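Engineer: Just so it is clear, I am handing over entry_14.csv, which has CSV, C-alpha atoms and all ligand atoms.
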```csv
chain,number,residue,atom,x,y,z
R,1,MET,CA,113.9,-40.2,-8.2
R,2,ARG,CA,113.5,-36.9,-6.4
R,3,ASP,CA,114.3,-36.4,-2.7
R,4,ALA,CA,111.6,-37.4,-0.3
R,5,ASN,CA,111.7,-33.9,1.3
R,6,GLY,CA,110.1,-35.2,4.5
R,7,ARG,CA,107.2,-36.7,2.5
R,8,ARG,CA,105.6,-39.6,4.4
R,9,LEU,CA,102.7,-41.8,3.5
R,10,TYR,CA,100.7,-43.4,6.3
R,11,ASP,CA,99.6,-46.4,4.5
R,12,TYR,CA,97.9,-49.8,4.6
R,13,GLY,CA,99.0,-52.2,1.9
R,14,ALA,CA,95.6,-53.9,1.2
R,15,SER,CA,93.8,-50.6,0.8
R,16,CYS,CA,93.3,-49.3,-2.7
R,17,ASN,CA,92.7,-45.8,-1.2
R,18,CYS,CA,96.3,-46.1,-0.2
R,19,TYR,CA,97.4,-47.8,-3.4
R,20,LYS,CA,95.9,-44.8,-5.5
R,21,VAL,CA,98.4,-42.6,-3.8
R,22,ARG,CA,101.3,-45.0,-4.2
R,23,LEU,CA,100.5,-45.3,-7.9
R,24,LEU,CA,100.6,-41.5,-8.3
R,25,LEU,CA,103.8,-41.1,-6.3
R,26,ALA,CA,105.4,-43.7,-8.6
R,27,GLN,CA,104.1,-42.1,-11.8
R,28,LEU,CA,105.4,-38.7,-10.7
R,29,ASP,CA,108.7,-40.4,-9.6
R,30,LEU,CA,108.4,-38.8,-6.2
R,31,SER,CA,110.2,-40.6,-3.3
R,32,TYR,CA,108.6,-40.9,0.1
R,33,GLU,CA,108.9,-42.7,3.4
R,34,ARG,CA,106.2,-45.3,3.7
R,35,VAL,CA,104.8,-45.6,7.2
R,36,PRO,CA,102.9,-48.9,7.5
R,37,VAL,CA,99.6,-48.5,9.5
R,38,ASP,CA,98.1,-51.8,10.6
R,39,ILE,CA,94.5,-50.7,10.6
R,40,PHE,CA,93.4,-54.1,12.1
R,41,GLY,CA,96.1,-54.1,14.7
R,42,GLY,CA,94.7,-51.0,16.4
R,43,ASP,CA,97.3,-48.6,14.9
R,44,THR,CA,94.5,-46.0,13.9
R,45,LEU,CA,93.0,-46.2,17.4
R,46,THR,CA,95.8,-44.4,19.2
R,47,ASP,CA,95.8,-40.8,20.4
R,48,GLU,CA,98.9,-40.2,18.3
R,49,TYR,CA,97.1,-41.3,15.1
R,50,ALA,CA,94.0,-39.2,16.0
R,51,ARG,CA,96.4,-36.2,16.0
R,52,ILE,CA,97.5,-37.2,12.5
R,53,ASN,CA,94.0,-37.8,11.2
R,54,PRO,CA,91.0,-37.3,13.5
R,55,ALA,CA,88.9,-39.5,11.1
R,56,ARG,CA,91.4,-42.4,11.9
R,57,SER,CA,91.5,-43.5,8.2
R,58,THR,CA,94.4,-44.3,5.8
R,59,PRO,CA,96.0,-42.9,3.7
R,60,VAL,CA,97.4,-39.7,5.2
R,61,LEU,CA,100.2,-37.8,3.5
R,62,GLU,CA,102.7,-35.9,5.6
R,63,ALA,CA,104.3,-33.0,3.7
R,64,ASP,CA,106.2,-30.0,5.0
R,65,GLY,CA,105.2,-31.1,8.5
R,66,ARG,CA,101.5,-31.0,7.7
R,67,PHE,CA,99.1,-33.9,7.5
R,68,LEU,CA,96.6,-34.4,4.7
R,69,PRO,CA,94.0,-37.2,4.9
R,70,GLU,CA,91.6,-38.3,2.1
R,71,SER,CA,93.1,-40.2,-0.8
R,72,ASN,CA,91.6,-38.0,-3.5
R,73,ALA,CA,92.7,-34.7,-1.7
R,74,ILE,CA,96.2,-36.2,-1.7
R,75,LEU,CA,96.0,-37.0,-5.4
R,76,VAL,CA,95.1,-33.3,-6.1
R,77,TYR,CA,97.8,-32.0,-3.8
R,78,LEU,CA,100.5,-34.1,-5.5
R,79,ALA,CA,99.4,-33.7,-9.1
R,80,ARG,CA,99.0,-29.9,-9.0
R,81,GLY,CA,101.2,-28.4,-11.7
R,82,THR,CA,101.6,-31.6,-13.6
R,83,PRO,CA,99.7,-32.9,-16.7
R,84,LEU,CA,97.9,-35.3,-14.4
R,85,LEU,CA,95.7,-32.4,-13.1
R,86,PRO,CA,94.4,-30.1,-15.8
R,87,GLU,CA,94.3,-26.3,-15.3
R,88,ASP,CA,91.5,-25.6,-17.7
R,89,PRO,CA,88.4,-25.0,-15.5
R,90,PHE,CA,86.1,-27.4,-17.4
R,91,GLU,CA,88.7,-30.2,-17.6
R,92,LEU,CA,89.6,-29.7,-14.0
R,93,ALA,CA,85.9,-30.0,-13.1
R,94,GLN,CA,85.7,-33.2,-15.1
R,95,VAL,CA,88.5,-34.6,-13.0
R,96,VAL,CA,86.7,-33.6,-9.9
R,97,ARG,CA,83.5,-35.3,-11.1
R,98,TRP,CA,85.3,-38.6,-11.3
R,99,LEU,CA,87.0,-38.1,-7.9
R,100,ILE,CA,83.5,-37.7,-6.5
R,101,VAL,CA,82.1,-40.7,-8.4
R,102,GLU,CA,85.0,-42.8,-7.2
R,103,GLN,CA,84.3,-42.0,-3.5
R,104,THR,CA,80.5,-42.2,-3.7
R,105,ASP,CA,80.1,-45.3,-6.0
R,106,VAL,CA,83.4,-47.1,-7.0
R,107,MET,CA,84.9,-47.2,-3.5
R,108,PRO,CA,81.9,-48.1,-1.4
R,109,MET,CA,80.4,-50.5,-4.0
R,110,ILE,CA,83.4,-52.3,-5.6
R,111,GLY,CA,85.9,-51.6,-2.7
R,112,GLY,CA,83.4,-52.1,0.1
R,113,LEU,CA,82.1,-55.4,-1.4
R,114,ARG,CA,85.7,-56.6,-1.9
R,115,PHE,CA,86.7,-55.8,1.7
R,116,ARG,CA,83.6,-57.5,3.2
R,117,LEU,CA,83.8,-60.6,1.0
R,118,LEU,CA,87.5,-61.1,1.3
R,119,THR,CA,87.5,-60.7,5.1
R,120,GLY,CA,84.4,-62.8,5.7
R,121,ARG,CA,82.2,-60.0,6.9
R,122,LEU,CA,79.6,-60.8,4.2
R,123,THR,CA,78.7,-63.7,1.9
R,124,PRO,CA,77.5,-63.0,-1.7
R,125,SER,CA,73.8,-63.6,-0.8
R,126,ASP,CA,73.7,-61.2,2.2
R,127,PRO,CA,71.4,-58.3,1.4
R,128,ASP,CA,74.2,-55.7,1.9
R,129,ALA,CA,76.4,-57.7,-0.6
R,130,VAL,CA,73.5,-57.8,-3.1
R,131,ARG,CA,73.0,-54.0,-2.7
R,132,ARG,CA,76.7,-53.3,-3.1
R,133,ARG,CA,77.0,-55.7,-6.1
R,134,GLN,CA,74.1,-53.9,-7.9
R,135,GLY,CA,75.8,-50.5,-7.2
R,136,ALA,CA,79.1,-51.9,-8.5
R,137,LEU,CA,77.4,-53.1,-11.7
R,138,ASP,CA,75.7,-49.7,-12.1
R,139,VAL,CA,79.0,-47.8,-11.9
R,140,LEU,CA,80.7,-50.3,-14.2
R,141,GLN,CA,77.9,-49.7,-16.8
R,142,LEU,CA,78.5,-46.0,-16.4
R,143,LEU,CA,82.2,-46.4,-17.0
R,144,HIS,CA,81.6,-48.7,-19.9
R,145,GLY,CA,79.4,-46.2,-21.6
R,146,GLU,CA,81.7,-43.2,-21.0
R,147,LEU,CA,84.8,-45.1,-22.1
R,148,GLY,CA,83.1,-46.1,-25.3
R,149,THR,CA,83.8,-42.6,-26.7
R,150,ARG,CA,87.1,-41.7,-25.1
R,151,ASP,CA,90.4,-43.3,-24.0
R,152,PHE,CA,90.6,-41.7,-20.6
R,153,LEU,CA,88.0,-40.5,-18.2
R,154,ALA,CA,88.6,-36.7,-18.3
R,155,ALA,CA,90.4,-34.0,-20.3
R,156,GLY,CA,91.2,-36.3,-23.2
R,157,ARG,CA,94.3,-37.6,-21.4
R,158,PHE,CA,95.5,-39.7,-18.5
R,159,THR,CA,94.8,-37.8,-15.3
R,160,ILE,CA,94.3,-38.5,-11.6
R,161,ALA,CA,90.7,-39.3,-12.5
R,162,ASP,CA,92.0,-42.5,-14.1
R,163,ILE,CA,94.3,-43.2,-11.1
R,164,ALA,CA,91.4,-42.8,-8.6
R,165,VAL,CA,88.9,-44.9,-10.5
R,166,TYR,CA,91.5,-47.5,-11.4
R,167,GLY,CA,92.3,-48.1,-7.7
R,168,TYR,CA,89.3,-50.3,-6.8
R,169,THR,CA,88.0,-51.1,-10.3
R,170,HIS,CA,91.0,-53.2,-11.3
R,171,LEU,CA,90.2,-55.5,-8.4
R,172,ALA,CA,86.5,-55.9,-9.2
R,173,HIS,CA,87.2,-59.7,-9.6
R,174,GLU,CA,88.1,-59.8,-5.9
R,175,ALA,CA,84.5,-58.6,-5.2
R,176,GLY,CA,83.2,-61.5,-7.3
R,177,ILE,CA,82.5,-59.3,-10.3
R,178,ASP,CA,83.3,-60.5,-13.8
R,179,LEU,CA,84.5,-57.7,-16.0
R,180,THR,CA,84.0,-59.6,-19.3
R,181,PRO,CA,80.8,-57.8,-20.3
R,182,TYR,CA,82.5,-54.4,-19.7
R,183,ARG,CA,85.0,-54.4,-22.6
R,184,ASN,CA,85.5,-50.7,-22.7
R,185,VAL,CA,86.5,-50.8,-19.0
R,186,ARG,CA,88.9,-53.7,-19.6
R,187,ALA,CA,90.5,-51.8,-22.5
R,188,TRP,CA,90.9,-48.7,-20.3
R,189,LEU,CA,92.4,-50.7,-17.4
R,190,ALA,CA,95.0,-52.0,-19.9
R,191,ARG,CA,95.6,-48.4,-21.1
R,192,VAL,CA,96.2,-47.3,-17.5
R,193,GLU,CA,98.6,-50.2,-17.0
R,194,ARG,CA,100.6,-49.1,-20.0
R,195,GLN,CA,101.4,-45.7,-18.5
R,196,PRO,CA,105.0,-44.9,-17.6
R,197,ARG,CA,106.1,-46.1,-14.2
R,198,PHE,CA,102.9,-48.0,-13.5
R,199,VAL,CA,103.0,-50.1,-10.4
R,200,GLU,CA,100.6,-52.5,-8.8
R,201,ASP,CA,101.5,-53.5,-5.3
R,202,VAL,CA,98.2,-54.0,-3.5
R,203,GLU,CA,98.7,-56.6,-0.7
R,204,PRO,CA,96.3,-59.2,0.5
R,205,TYR,CA,94.4,-58.5,3.8
R,206,GLY,CA,96.2,-59.9,6.8
R,207,ALA,CA,94.7,-62.6,9.1
R,208,ASN,CA,93.8,-59.9,11.6
R,209,ALA,CA,91.4,-58.3,9.1
R,210,ALA,CA,88.9,-61.1,9.8
R,211,PRO,CA,85.9,-60.1,12.0
R,212,GLY,CA,86.9,-60.3,15.7
R,213,ALA,CA,90.5,-61.1,14.9
R,214,GLY,CA,91.9,-57.6,15.3
R,215,ARG,CA,91.1,-54.1,16.7
R,216,SER,CA,89.9,-51.4,14.3
R,217,ILE,CA,87.0,-49.0,13.8
R,218,TYR,CA,85.3,-51.9,12.0
R,219,GLY,CA,85.2,-53.9,15.2
F,1,LIG,N1,87.5,-41.3,2.1
F,1,LIG,C1,88.7,-41.9,2.6
F,1,LIG,C2,88.4,-43.3,2.9
F,1,LIG,C3,89.6,-43.9,3.6
F,1,LIG,C4,89.3,-45.3,4.2
F,1,LIG,O1,88.2,-45.8,4.3
F,1,LIG,N2,90.4,-45.9,4.6
F,1,LIG,C5,90.3,-47.3,5.1
F,1,LIG,C6,91.2,-48.2,4.4
F,1,LIG,S1,90.5,-48.4,2.7
F,1,LIG,C7,90.9,-47.2,6.5
F,1,LIG,O2,91.9,-46.7,6.8
F,1,LIG,N3,90.1,-47.8,7.5
F,1,LIG,C8,90.6,-48.1,8.8
F,1,LIG,C9,90.2,-47.2,9.8
F,1,LIG,O3,89.6,-46.2,9.5
F,1,LIG,O4,90.6,-47.5,10.9
F,1,LIG,C10,89.9,-41.7,1.6
F,1,LIG,O5,89.6,-41.8,0.4
F,1,LIG,O6,91.0,-41.6,2.1
```
Mind converting the file's structure to structure tokens?
Ligand SMILES: N[C@@H](CCC(=O)N[C@@H](CS)C(=O)NCC(=O)O)C(=O)O

Structural biologist:
Amino acid sequence: MRDANGRRLYDYGASCNCYKVRLLLAQLDLSYERVPVDIFGGDTLTDEYARINPARSTPVLEADGRFLPESNAILVYLARGTPLLPEDPFELAQVVRWLIVEQTDVMPMIGGLRFRLLTGRLTPSDPDAVRRRQGALDVLQLLHGELGTRDFLAAGRFTIADIAVYGYTHLAHEAGIDLTPYRNVRAWLARVERQPRFVEDVEPYGANAAPGAGRSIYG
């Protein structure tokens, strides 16, 4: 493992936005200091955290004394110069496409539904849960179609596009979604899991993640 070089990850264990970064750091065999941020214990509401990330979200990567928020920006920063981020303009743009799809569809639909169901903010019949579930099924159908003709999402090989989309997709069952009909997605999940130095260390939400139990931007 390479030296941490002052690399720190401000990180919440149950967040797949944070897990995506931990997965890439593991696959690149990069060491780092993990700084746990209890987002439901008020840790992101302090003035000190606002200086690290004015958006008060996790993850944030500290590197060379600078702070970089946004999970997918962190993936790009870390993967630059490795096979996980293509240099060819078209292949690079394909990766960017999936980083955008992940943030606009995968994360709010699968991840947002998982968070709200697991922490008791929604029940499956609530209109917002029904809307997110439909969005999740739509993006899974998109992935199923795309992965019918290729092994990985972009550039014909394993890239950070796969890492980003894997983050929340692999826990779709925690959002009450059965992946059985999406066999190309299941085969791709297994392919990602066979990559060297794969790790899965997503933690359960703590008790303070329940509505009213902690202090966070979620209330
Ligand atoms: N677009 C951001 C989303 C980050 C985000 O929503 N992080 C959540 C955890 S999944 C968080 O830290 N929320 C707590 C807070 O903002 O106080 C990214 O990809 O990094």

Engineer: Return as a Markdown table the residues of chain R lying at most 10 Å from ligand LIG 1 (chain F), together with the closest atom-to-atom pair for each and the distance in Å to one decimal, counting all atoms listed in the file, with rows in chain order and ascending residue number.

Structural biologist:
```
| residue | atom | partner | partner_atom | distance |
| --- | --- | --- | --- | --- |
| R:Tyr10 | CA | F:LIG1 | O2 | 9.4 |
| R:Asp11 | CA | F:LIG1 | O2 | 8.0 |
| R:Tyr12 | CA | F:LIG1 | C6 | 6.9 |
| R:Gly13 | CA | F:LIG1 | C6 | 9.1 |
| R:Ala14 | CA | F:LIG1 | S1 | 7.6 |
| R:Ser15 | CA | F:LIG1 | S1 | 4.4 |
| R:Cys16 | CA | F:LIG1 | S1 | 6.1 |
| R:Asn17 | CA | F:LIG1 | S1 | 5.2 |
| R:Cys18 | CA | F:LIG1 | S1 | 6.9 |
| R:Tyr19 | CA | F:LIG1 | S1 | 9.2 |
| R:Lys20 | CA | F:LIG1 | O5 | 9.1 |
| R:Val21 | CA | F:LIG1 | O6 | 9.5 |
| R:Val37 | CA | F:LIG1 | O2 | 8.4 |
| R:Asp38 | CA | F:LIG1 | C8 | 8.6 |
| R:Ile39 | CA | F:LIG1 | C8 | 5.0 |
| R:Phe40 | CA | F:LIG1 | O4 | 7.3 |
| R:Gly41 | CA | F:LIG1 | O4 | 9.4 |
| R:Gly42 | CA | F:LIG1 | O4 | 7.7 |
| R:Asp43 | CA | F:LIG1 | O4 | 7.9 |
| R:Thr44 | CA | F:LIG1 | O4 | 5.1 |
| R:Leu45 | CA | F:LIG1 | O4 | 7.0 |
| R:Tyr49 | CA | F:LIG1 | O4 | 9.9 |
| R:Asn53 | CA | F:LIG1 | O3 | 9.6 |
| R:Pro54 | CA | F:LIG1 | O3 | 9.9 |
| R:Ala55 | CA | F:LIG1 | O3 | 6.9 |
| R:Arg56 | CA | F:LIG1 | O3 | 4.8 |
| R:Ser57 | CA | F:LIG1 | O2 | 3.5 |
| R:Thr58 | CA | F:LIG1 | O2 | 3.6 |
| R:Pro59 | CA | F:LIG1 | O6 | 5.4 |
| R:Val60 | CA | F:LIG1 | O6 | 7.4 |
| R:Leu68 | CA | F:LIG1 | O6 | 9.5 |
| R:Pro69 | CA | F:LIG1 | O6 | 6.0 |
| R:Glu70 | CA | F:LIG1 | O6 | 3.4 |
| R:Ser71 | CA | F:LIG1 | O6 | 3.8 |
| R:Asn72 | CA | F:LIG1 | O5 | 5.8 |
| R:Ala73 | CA | F:LIG1 | O5 | 8.0 |
| R:Ile74 | CA | F:LIG1 | O6 | 8.4 |
| R:Leu75 | CA | F:LIG1 | O5 | 9.9 |
| R:Leu99 | CA | F:LIG1 | O5 | 9.5 |
| R:Glu102 | CA | F:LIG1 | O5 | 8.9 |
| R:Gln103 | CA | F:LIG1 | N1 | 6.5 |
| R:Thr104 | CA | F:LIG1 | N1 | 9.1 |
| R:Met107 | CA | F:LIG1 | O5 | 8.2 |
| R:Pro108 | CA | F:LIG1 | O1 | 8.8 |
| R:Gly111 | CA | F:LIG1 | S1 | 7.8 |
| R:Gly112 | CA | F:LIG1 | S1 | 8.4 |
| R:Phe115 | CA | F:LIG1 | S1 | 8.4 |
| R:Ala164 | CA | F:LIG1 | O5 | 9.2 |
| R:Tyr168 | CA | F:LIG1 | S1 | 9.8 |
| R:Arg215 | CA | F:LIG1 | O4 | 8.8 |
| R:Ser216 | CA | F:LIG1 | O4 | 5.2 |
| R:Ile217 | CA | F:LIG1 | O4 | 4.9 |
| R:Tyr218 | CA | F:LIG1 | O4 | 7.0 |
| R:Gly219 | CA | F:LIG1 | O4 | 9.4 |
```

Engineer: Mind checking which residues fall within 12 Å of R:Asp105, counting only C-alpha atoms, ignoring those fewer than 2 positions away in the same chain, and posting them as JSON, numbers by chain?

Structural biologist: {"R": [97, 98, 99, 100, 101, 102, 103, 107, 108, 109, 110, 111, 112, 113, 131, 132, 133, 134, 135, 136, 137, 138, 139, 140, 141, 142, 143, 164, 165, 168, 169]}

Engineer: Between R:Thr159, R:Asn208, R:Thr149, R:Thr119, single out the one closest to R:Glu174, counting all atoms listed in the file.

Structural biologist: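 Selected residue with least distance to R:Glu174: R:Thr119.
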
Engineer: Could you check which residues have any atom within 8 Å of (89.3, -31.4, -18.5), counting only C-alpha atoms with coordinates taken straight from the file, and then list them as a CSV table (one decimal) with C-alpha atoms, in the frame of the given file?

Structural biologist:
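The resulting out-v5.csv:
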```csv
chain,number,residue,atom,x,y,z
R,86,PRO,CA,94.4,-30.1,-15.8
R,87,GLU,CA,94.3,-26.3,-15.3
R,88,ASP,CA,91.5,-25.6,-17.7
R,89,PRO,CA,88.4,-25.0,-15.5
R,90,PHE,CA,86.1,-27.4,-17.4
R,91,GLU,CA,88.7,-30.2,-17.6
R,92,LEU,CA,89.6,-29.7,-14.0
R,93,ALA,CA,85.9,-30.0,-13.1
R,94,GLN,CA,85.7,-33.2,-15.1
R,95,VAL,CA,88.5,-34.6,-13.0
R,154,ALA,CA,88.6,-36.7,-18.3
R,155,ALA,CA,90.4,-34.0,-20.3
R,156,GLY,CA,91.2,-36.3,-23.2
```

Engineer: Nearest to R:Glu200: which of R:His170, R:Arg150, R:Arg51, R:Arg7 is it, counting only C-alpha atoms?

Structural biologist: R:His170

Engineer: Do you have the atom CA of R:Leu9-atom CA of R:Arg34 distance handy?

Structural biologist: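 Interatomic distance, atom CA of R:Leu9 to atom CA of R:Arg34: 5.0 Å.
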
Engineer: Between atom CA of R:Leu118 and atom CA of R:Pro204, measure the distance and give it in Å to one decimal.

Structural biologist: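 Atom CA of R:Pro204 lies at a distance of 9.0 Å from atom CA of R:Leu118.
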
Engineer: Find the spatial neighbours of stretch 178-184 of chain R, counting all atoms listed in the file, within a cut-off of 6 Å - ignore same-chain residues fewer than 6 positions away - and output them as a PyMOL selection string.

Structural biologist: chain R and resi 144+147-148

Engineer: In terms of the shortest atom-to-atom distance over only C-alpha atoms, which of R:Leu61, R:Ala187, R:Leu78, R:Val192 is closest to R:Gly167?

Structural biologist: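 Nearest candidate to R:Gly167 out of R:Leu61, R:Ala187, R:Leu78, R:Val192: R:Val192.
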
Engineer: I want to know what sits within 7 Å of R:Arg8, based on all atoms listed in the file, with residues of the same chain fewer than 4 positions away left out; could you give that as a list in words?

Structural biologist: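 Neighbouring residues, sequence-local ones excluded: Tyr32, Glu33, Arg34, Val35, Leu61, Glu62 and Ala63 of chain R.
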
Engineer: At what distance in Å, to one decimal, does atom CA of R:Gly65 lie from atom CA of R:Pro83?

Structural biologist: 25.9 Å

Engineer: Measuring atom to atom with all atoms listed in the file, identify which of R:Arg191, R:Arg116, R:Arg66, R:Arg186 is nearest to R:Asp162.

Structural biologist: R:Arg191

Engineer: For R:Pro211, which residue among R:Val96, R:Gln27, R:Pro36, R:Arg121 is the nearest when counting all atoms listed in the file?

Structural biologist: R:Arg121

Engineer: Just checking: using only C-alpha atoms, which residue out of R:Thr46, R:Leu117, R:Leu24, R:Asn5 ends up closest to R:Ala210?

Structural biologist: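 The answer is R:Leu117, which sits nearest to R:Ala210.
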